[in-house]
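Asker: Take this structure, written in structure tokens, and hold onto it; I'll ask about it next.
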Amino acid sequence: MTDRRILSAINKPGRYLGHEFNSIQKNWEDAKAKFAFIFPDLYEIGMSHQGLQILYHLLNKKDEFLAERCYTPDTDVEKLMREKGVPLTSLESGQPLKNFDVLGFTLPYELCYTNILTVLDLADVPFYSKDRDDSSPILLAGGACSLNPEPVADFFDAVLLGDGEEALFEIAALIAENKKTSSTKKEILEQLAEIQGVYIPAHFQVEYNTSSPEHSISSITHKSGSVKQVSRRIVASLDDIEHLKTPLVPNAKIVHDRLGIEVARGCTRGCRFCQAGITYRPVRERTTENVMELAKESIENSGFDELALLSLSTGDYSCLEQVLTPLMDEFADKYVSVAMPSMRVGTLTPSIMEQVKRVRKTGFTLAPEAGSERLRRVINKGITEEDLLNTCTEAFELGWRIIKCYFMIGLPTETEEDIDGIVDLVRKMLATRGGGAGKGKKQINVSVGTFVPKPHTPFQWEKQLTIEESTAYFRRLSDKLPSKGANLRYHNPRVSYLEGVFSRGDRRCASLIENAWQHGARLDGWTEHFSIDVWQLAAQNCNLSLDNYLRARDLDEILPWDHLQTGVDIQFLKDELTKGKAEGYTPDCRYHDCQKCGVCDFDTILPIVHNRKHDLPAPEQKTRTKAIADNEGHFKYLVHYSRVGNICYLGHLEILQVVFRALQRADIETNYSQGFNPSPKISFGPALPVGTESYGEYFIMDLKAPLKELDVAKQRLNGTLA
């Protein structure tokens, strides 16, 4: 967005500037297929999403294809765009979205659905597939919610189920070829349906039991009568990493402002509530060599000061101990910290914790999910109270003072005793010994959410708590948790209620979404915007019962997603449901026998685990853990720069971050402050008001050693700021 009439009048204009480091702008006329990848939420959420970045760089690797980005504007920008008649455009070239061949929407979570309509309306693209003619872009969806896209299925022409790395090229090539022949939309969709993993909603007809109180589904049939199901696409290996080495570097502050490295995809721990544990199978790990190569080149090409090892459960990455020490040895001197946001109790060893705190002690999070041993057996969590308390003790001993714990309420078979088990467990965690290097007050941040039954899981047939039931349980926890040392935070039960509606929703939800949007529903994932009253009014207008979507289902009931397959056998899910209620355990097939879920063919699709025995020796750790020494040199340089053009719309703190990362990319080593969160020793001039241009800005940098060639350093710095 380049319209200064809007940038000068909005909150956080840095969201809309584009031109981030490593973003790509190609010649519009040269591209044979043009894609706009759209994340239906604010910039700070969308820029934190790994999947969109992967597809963006992957498609742009090909000379004949073009990929640009767009995020949902905030409500202030939406209002101004309507007032001024400005269409929604891409960040890279400023092209109106309706000029692209394909609008590719990520479906990351259920509460972003109204944002899809905001984007389409601002782009002047009709909502429903049936209302768009051949001049409109093809609307393609993918992402975490694509395995039940039925609530938004009527909006989309096609949905990609599963991994997109390979299918995306096939889709783009098909679009490019059909542009040569001026094919109709109907003809293109017929051809897209032939690509494995591509689902065309318009090709399926859904009928309902109008005579039953629940109005359940009576049939889902393909209009040709020849196709019954569509199976998700699975990438066999993660070996291709070239497109991951130049990550997008945001100008504005985002939620996860760091380099993310996916060390593994898929999880077979078998938690029975977990949708991702089914829809991302099998486990496919990257080699330690690939992880190290990605980390070195991506940090060099981005300037991030933190990297996160990403997986559904990073602690289960079989080579974690073998890769963590070399990573820390490589980056400790550069003050780049390593975070592992999805660790599991039992995988957090003292040696791993020692490594993590070498630069910065990143957050420490545990996910017991349930308070009692019994309920953890029901959900197949596979951890004991002893495991939890031992991990807690080790964390306190190593200096952590705050531990965050995730729990759920409303899990199948739960009783009030299980709720009280959360309180008992927190009390025991606070009572663990905590001497050593980290003396001081201990705190347990207790984060609790309502269980939402997810499609394709063993618990997909279970009921969900009502708003009133969730609220009562949260009140019980609030009353019983210790007043000192425990800090309770819970997810808004009204938000969880709506998430539950869309999680197991069907095509009738499309009219609900449209009606709620027309009555002002926007950015429902943000507390300040969410209103359950709007949704309840919309449900009345559409003659829908929202409570009906939270009910338990019969095992033989036709579910809205029955025609969309993850590869996991339905009988496996039913057996897991039965086993869960009997408190039976299903072991992880990474290190035990195959559990016969049905995903692997053991020809092209099979688990890739590089260290099945977990017995590879860990490299020896360096004794020096911090780069700063008492006798370090201090050489100060005054740097002048201009702040003109749209860059002036970045705030002062955002400018600081841009400079820090530019110096890192230019290989100019500064001294760092000491303490919990080291930062570069750079002094900036007075902060300018946002939107103010200046030719006379400056900062003073404190370097470890004198610059050998000033002109060379200047060129490097200018090059990385271009």
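A note on labels: chains of the structure tokens are A, B, ... as shown, every chain counts residues from 1, and ligands are counted from 1 in their shown order.
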Which residues are near Leu91 in chain A? Cut-off 6 Å, only C-alpha atoms, ignore same chain within fewer than 3 positions. Put them as a list in words.
Answerer: Gly18, Arg69, Cys70 and Gly94 of chain A
Asker: Can I get the selection written as a short mmCIF file (atom, residue, chain, number, x, y, z; two decimals), in the first residue's frame, with C-alpha atoms?
Answerer:
data_model
loop_
_atom_site.label_atom_id
_atom_site.label_comp_id
_atom_site.auth_asym_id
_atom_site.auth_seq_id
_atom_site.Cartn_x
_atom_site.Cartn_y
_atom_site.Cartn_z
CA GLY A 18 6.01 -3.92 2.17
CA ARG A 69 1.48 -11.15 -0.44
CA CYS A 70 -1.46 -9.50 1.25
CA GLY A 94 0.68 -2.59 -5.29
#
Asker: Using the chain letters and numbers from this document, which residues of range 267-489 of chain A does DSSP assign to strand (DSSP E), as a ChimeraX atom specification?
Answerer: /A:284-285,306-310,337-339,365-369,402-409,443-450,486-489
Asker: Residues within 9 Å of range 575-578 of chain A, please, as a list in words. Count only C-alpha atoms; anything in the same chain fewer than 6 positions from it doesn't count.
Answerer: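 These residues fall inside the cut-off: Arg272, Val378, Thr457, Pro458, Phe459, Trp461, Gly584 and Thr586 of chain A.
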Asker: Would you mind listing what lies within 12 Å of Phe474 in chain A as an MDAnalysis selection string, with only C-alpha atoms counted and same-chain residues fewer than 4 positions away left out?
Answerer: chainID A and resid 407:410 416 419:420 422:423 446:450 465 467:470 478:481 488:493
Asker: Can you list, as a list of chain:residue names, every protein, DNA or RNA residue that comes within 8 Å of Asp569 in chain A when you count only C-alpha atoms, leaving out same-chain residues fewer than 3 positions away?
Answerer: A:Phe572, A:Leu573, A:Cys597, A:Gly598, A:Val599
Asker: Write a file of the selected residues as a PDB file, in the first residue's frame, keeping all heavy atoms.
Answerer:
ATOM      1  N   PHE A 572      -9.138 -46.758  12.730  1.00  0.00           N
ATOM      2  CA  PHE A 572      -8.068 -46.443  13.684  1.00  0.00           C
ATOM      3  C   PHE A 572      -8.535 -45.379  14.670  1.00  0.00           C
ATOM      4  O   PHE A 572      -8.284 -45.474  15.881  1.00  0.00           O
ATOM      5  CB  PHE A 572      -6.822 -45.969  12.936  1.00  0.00           C
ATOM      6  CG  PHE A 572      -5.693 -45.523  13.830  1.00  0.00           C
ATOM      7  CD1 PHE A 572      -4.835 -46.450  14.398  1.00  0.00           C
ATOM      8  CD2 PHE A 572      -5.495 -44.175  14.102  1.00  0.00           C
ATOM      9  CE1 PHE A 572      -3.790 -46.037  15.231  1.00  0.00           C
ATOM     10  CE2 PHE A 572      -4.462 -43.751  14.927  1.00  0.00           C
ATOM     11  CZ  PHE A 572      -3.607 -44.691  15.485  1.00  0.00           C
ATOM     12  N   LEU A 573      -9.229 -44.358  14.174  1.00  0.00           N
ATOM     13  CA  LEU A 573      -9.734 -43.299  15.050  1.00  0.00           C
ATOM     14  C   LEU A 573     -10.771 -43.848  16.027  1.00  0.00           C
ATOM     15  O   LEU A 573     -10.767 -43.505  17.216  1.00  0.00           O
ATOM     16  CB  LEU A 573     -10.336 -42.168  14.220  1.00  0.00           C
ATOM     17  CG  LEU A 573      -9.408 -41.447  13.237  1.00  0.00           C
ATOM     18  CD1 LEU A 573     -10.174 -40.347  12.505  1.00  0.00           C
ATOM     19  CD2 LEU A 573      -8.198 -40.865  13.951  1.00  0.00           C
ATOM     20  N   CYS A 597      -1.946 -47.003  11.458  1.00  0.00           N
ATOM     21  CA  CYS A 597      -2.928 -45.923  11.288  1.00  0.00           C
ATOM     22  C   CYS A 597      -3.367 -45.806   9.836  1.00  0.00           C
ATOM     23  O   CYS A 597      -4.425 -45.252   9.555  1.00  0.00           O
ATOM     24  CB  CYS A 597      -2.371 -44.598  11.802  1.00  0.00           C
ATOM     25  SG  CYS A 597      -1.107 -43.848  10.759  1.00  0.00           S
ATOM     26  N   GLY A 598      -2.536 -46.268   8.901  1.00  0.00           N
ATOM     27  CA  GLY A 598      -2.926 -46.277   7.495  1.00  0.00           C
ATOM     28  C   GLY A 598      -2.248 -45.251   6.616  1.00  0.00           C
ATOM     29  O   GLY A 598      -2.413 -45.282   5.392  1.00  0.00           O
ATOM     30  N   VAL A 599      -1.480 -44.311   7.185  1.00  0.00           N
ATOM     31  CA  VAL A 599      -0.885 -43.239   6.385  1.00  0.00           C
ATOM     32  C   VAL A 599       0.233 -43.746   5.486  1.00  0.00           C
ATOM     33  O   VAL A 599       0.310 -43.393   4.309  1.00  0.00           O
ATOM     34  CB  VAL A 599      -0.355 -42.115   7.309  1.00  0.00           C
ATOM     35  CG1 VAL A 599       0.559 -41.174   6.546  1.00  0.00           C
ATOM     36  CG2 VAL A 599      -1.512 -41.326   7.899  1.00  0.00           C
TER      37      VAL A 599
END
Asker: List the neighbours of Pro108 in chain A out to 9 Å using only C-alpha atoms; skip same-chain residues closer than 4 positions along the sequence, and give me the result as a list in words.
Answerer: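 These residues fall inside the cut-off: Phe39, Pro40, His49, Cys112, Gly142, Gly143, Ala144, Cys145 and Ser146 of chain A.
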Asker: Which residues, written as an NGL selection string, have at least one atom at most 8 Å from Leu294 in chain A, with only C-alpha atoms counted and residues fewer than 2 positions away on the same chain left out?
Answerer: :A and (241 or 244-245 or 261 or 290-292 or 296-298)
Asker: Which is closest to Phe602 in chain A among A:Glu499, A:Asn548, A:Ala236, A:Glu300, if we use only C-alpha atoms?
Answerer: A:Ala236
Asker: Taking the chain letters and numbering used in this document, name the residues of range 362-561 of chain A that DSSP puts in alpha helix (DSSP H), as a PyMOL selection string.
Answerer: chain A and resi 373-378+385-397+416-431+467-480+493-503+509-518+532-541
Asker: Rounded to one decimal, what separation in Å do you get between CA of Ile278 in chain A and CA of Leu320 in chain A?
Answerer: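 CA of Leu320 in chain A lies at a distance of 22.7 Å from CA of Ile278 in chain A.
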